Amino acid sequence: MALQFEAFYAGGLAPGWNLLVQGHSDSGEDKFEINFLSEAGDIVFHIKPRFSSATMVANTFQGGRWGQEEVSSVFPLVLGEPFEMEVSSDAEHFHVHAQEHKVLQFAHRHRPLAAVTRVQVLSDHRLAQVELARKGLSWG
């Protein structure tokens, strides 16, 4: 999978930031994921749409191990169609929306939130736009 977007913010990306990804799901393979990473390199939030099972999968990768996977069967993405996903956070959860539908809510497993300093979007799908915005500010 190719790294399509990466951003770093030393002040921390959670809470208060939104990530918007727009693209086109042009292949049947599950080749798209979003990762929020800590300063130490742990994946504090991993979200991956699985077209093969029509599920959205979320997890963490900390201390060299994957955590307990959380799976949502709310899957409004359609293969071959344009898609839009948005990830936001508050003090307690990451929130994931796809096609303006709430897909899942994922409790923060990593503290402090200020240590979440990097976001990556990996994809072999065509991405039209990736925007990282802080409430009231726009970067992208």
# chains A, B, ... in the order shown; residues from 1 in each chain; ligands from 1
call {"tool": "select_by_dssp", "arguments": {"residues": "region 2-77 of chain A", "states": "strand (DSSP E or B)", "output": "JSON, numbers by chain"}}
result
{"A": [3, 4, 5, 6, 7, 8, 17, 18, 19, 20, 21, 22, 23, 24, 32, 33, 34, 35, 36, 37, 38, 43, 44, 45, 46, 47, 48, 49, 50, 55, 56, 57, 58, 59, 60, 61, 62, 65, 66, 70, 71, 72]}
call {"tool": "residues_around", "arguments": {"residues": "region 105-114 of chain A", "least_positions_apart": "6", "cutoff": "10 Å", "atoms": "only C-alpha atoms", "output": "PyMOL selection string"}}
result
chain A and resi 9-15+38-39+42-47+58-60+62+67+70+72+87-97
call {"tool": "atom_distance", "arguments": {"atom1": "CA of Arg50 (chain A)", "atom2": "CA of Ala7 (chain A)"}}
result
23.9 Å
call {"tool": "atom_distance", "arguments": {"atom1": "CA of Ala133 (chain A)", "atom2": "CA of Trp66 (chain A)"}}
result
27.9 Å
call {"tool": "closest_residue", "arguments": {"among": "A:Leu132, A:Leu20, A:Leu77, A:Leu104", "to": "Ser52 (chain A)", "atoms": "only C-alpha atoms"}}
result
A:Leu77
call {"tool": "atom_distance", "arguments": {"atom1": "CA of Val57 (chain A)", "atom2": "CA of Gly41 (chain A)"}}
result
20.1 Å
call {"tool": "closest_residue", "arguments": {"among": "A:Ala128, A:Ala115, A:Leu19, A:Met56", "to": "Met85 (chain A)", "atoms": "only C-alpha atoms"}}
result
A:Leu19
call {"tool": "closest_residue", "arguments": {"among": "A:Val103, A:Ala40, A:Val121, A:Ile34", "to": "Gly63 (chain A)", "atoms": "only C-alpha atoms"}}
result
A:Ala40
call {"tool": "closest_residue", "arguments": {"among": "A:Ser73, A:Ser53, A:Gln99, A:Gln4", "to": "Leu122 (chain A)", "atoms": "only C-alpha atoms"}}
result
A:Gln4
call {"tool": "decode", "arguments": {"residues": "region 8-29 of chain A", "atoms": "N, CA and C atoms", "output": "short mmCIF file (atom, residue, chain, number, x, y, z; two decimals), in the first residue's frame"}}
result
data_model
loop_
_atom_site.label_atom_id
_atom_site.label_comp_id
_atom_site.auth_asym_id
_atom_site.auth_seq_id
_atom_site.Cartn_x
_atom_site.Cartn_y
_atom_site.Cartn_z
N PHE A 8 2.05 15.83 10.51
CA PHE A 8 2.59 15.80 11.85
C PHE A 8 2.23 17.11 12.54
N TYR A 9 1.79 17.01 13.79
CA TYR A 9 1.50 18.20 14.58
C TYR A 9 1.97 17.96 16.00
N ALA A 10 3.01 18.68 16.40
CA ALA A 10 3.65 18.43 17.70
C ALA A 10 2.72 18.66 18.88
N GLY A 11 1.71 19.50 18.70
CA GLY A 11 0.79 19.79 19.80
C GLY A 11 -0.26 18.72 20.03
N GLY A 12 -0.29 17.70 19.18
CA GLY A 12 -1.25 16.61 19.33
C GLY A 12 -2.44 16.76 18.40
N LEU A 13 -2.89 15.64 17.84
CA LEU A 13 -3.99 15.63 16.86
C LEU A 13 -5.33 15.24 17.46
N ALA A 14 -5.37 14.98 18.75
CA ALA A 14 -6.64 14.61 19.37
C ALA A 14 -6.68 15.28 20.74
N PRO A 15 -7.78 15.78 21.18
CA PRO A 15 -9.04 15.94 20.42
C PRO A 15 -9.04 17.24 19.61
N GLY A 16 -10.08 17.41 18.82
CA GLY A 16 -10.31 18.68 18.15
C GLY A 16 -9.92 18.76 16.70
N TRP A 17 -9.37 17.68 16.13
CA TRP A 17 -9.00 17.67 14.72
C TRP A 17 -9.95 16.78 13.93
N ASN A 18 -10.17 17.11 12.67
CA ASN A 18 -10.96 16.29 11.76
C ASN A 18 -10.10 15.92 10.57
N LEU A 19 -10.20 14.67 10.15
CA LEU A 19 -9.54 14.21 8.93
C LEU A 19 -10.62 13.83 7.94
N LEU A 20 -10.58 14.43 6.76
CA LEU A 20 -11.55 14.14 5.71
C LEU A 20 -10.80 13.52 4.54
N VAL A 21 -11.27 12.36 4.08
CA VAL A 21 -10.66 11.67 2.95
C VAL A 21 -11.75 11.41 1.91
N GLN A 22 -11.48 11.86 0.69
CA GLN A 22 -12.39 11.60 -0.42
C GLN A 22 -11.61 10.86 -1.49
N GLY A 23 -12.23 9.84 -2.05
CA GLY A 23 -11.55 9.06 -3.07
C GLY A 23 -12.50 8.21 -3.86
N HIS A 24 -11.94 7.21 -4.53
CA HIS A 24 -12.72 6.32 -5.38
C HIS A 24 -12.27 4.89 -5.12
N SER A 25 -13.20 4.04 -4.75
CA SER A 25 -12.89 2.63 -4.45
C SER A 25 -12.91 1.86 -5.76
N ASP A 26 -11.76 1.88 -6.44
CA ASP A 26 -11.74 1.35 -7.81
C ASP A 26 -11.24 -0.08 -7.93
N SER A 27 -10.96 -0.73 -6.81
CA SER A 27 -10.59 -2.15 -6.89
C SER A 27 -11.26 -2.91 -5.76
N GLY A 28 -11.34 -4.21 -5.91
CA GLY A 28 -12.01 -5.03 -4.91
C GLY A 28 -11.13 -5.37 -3.72
N GLU A 29 -9.90 -4.90 -3.74
CA GLU A 29 -8.99 -5.25 -2.66
C GLU A 29 -9.11 -4.28 -1.50
#
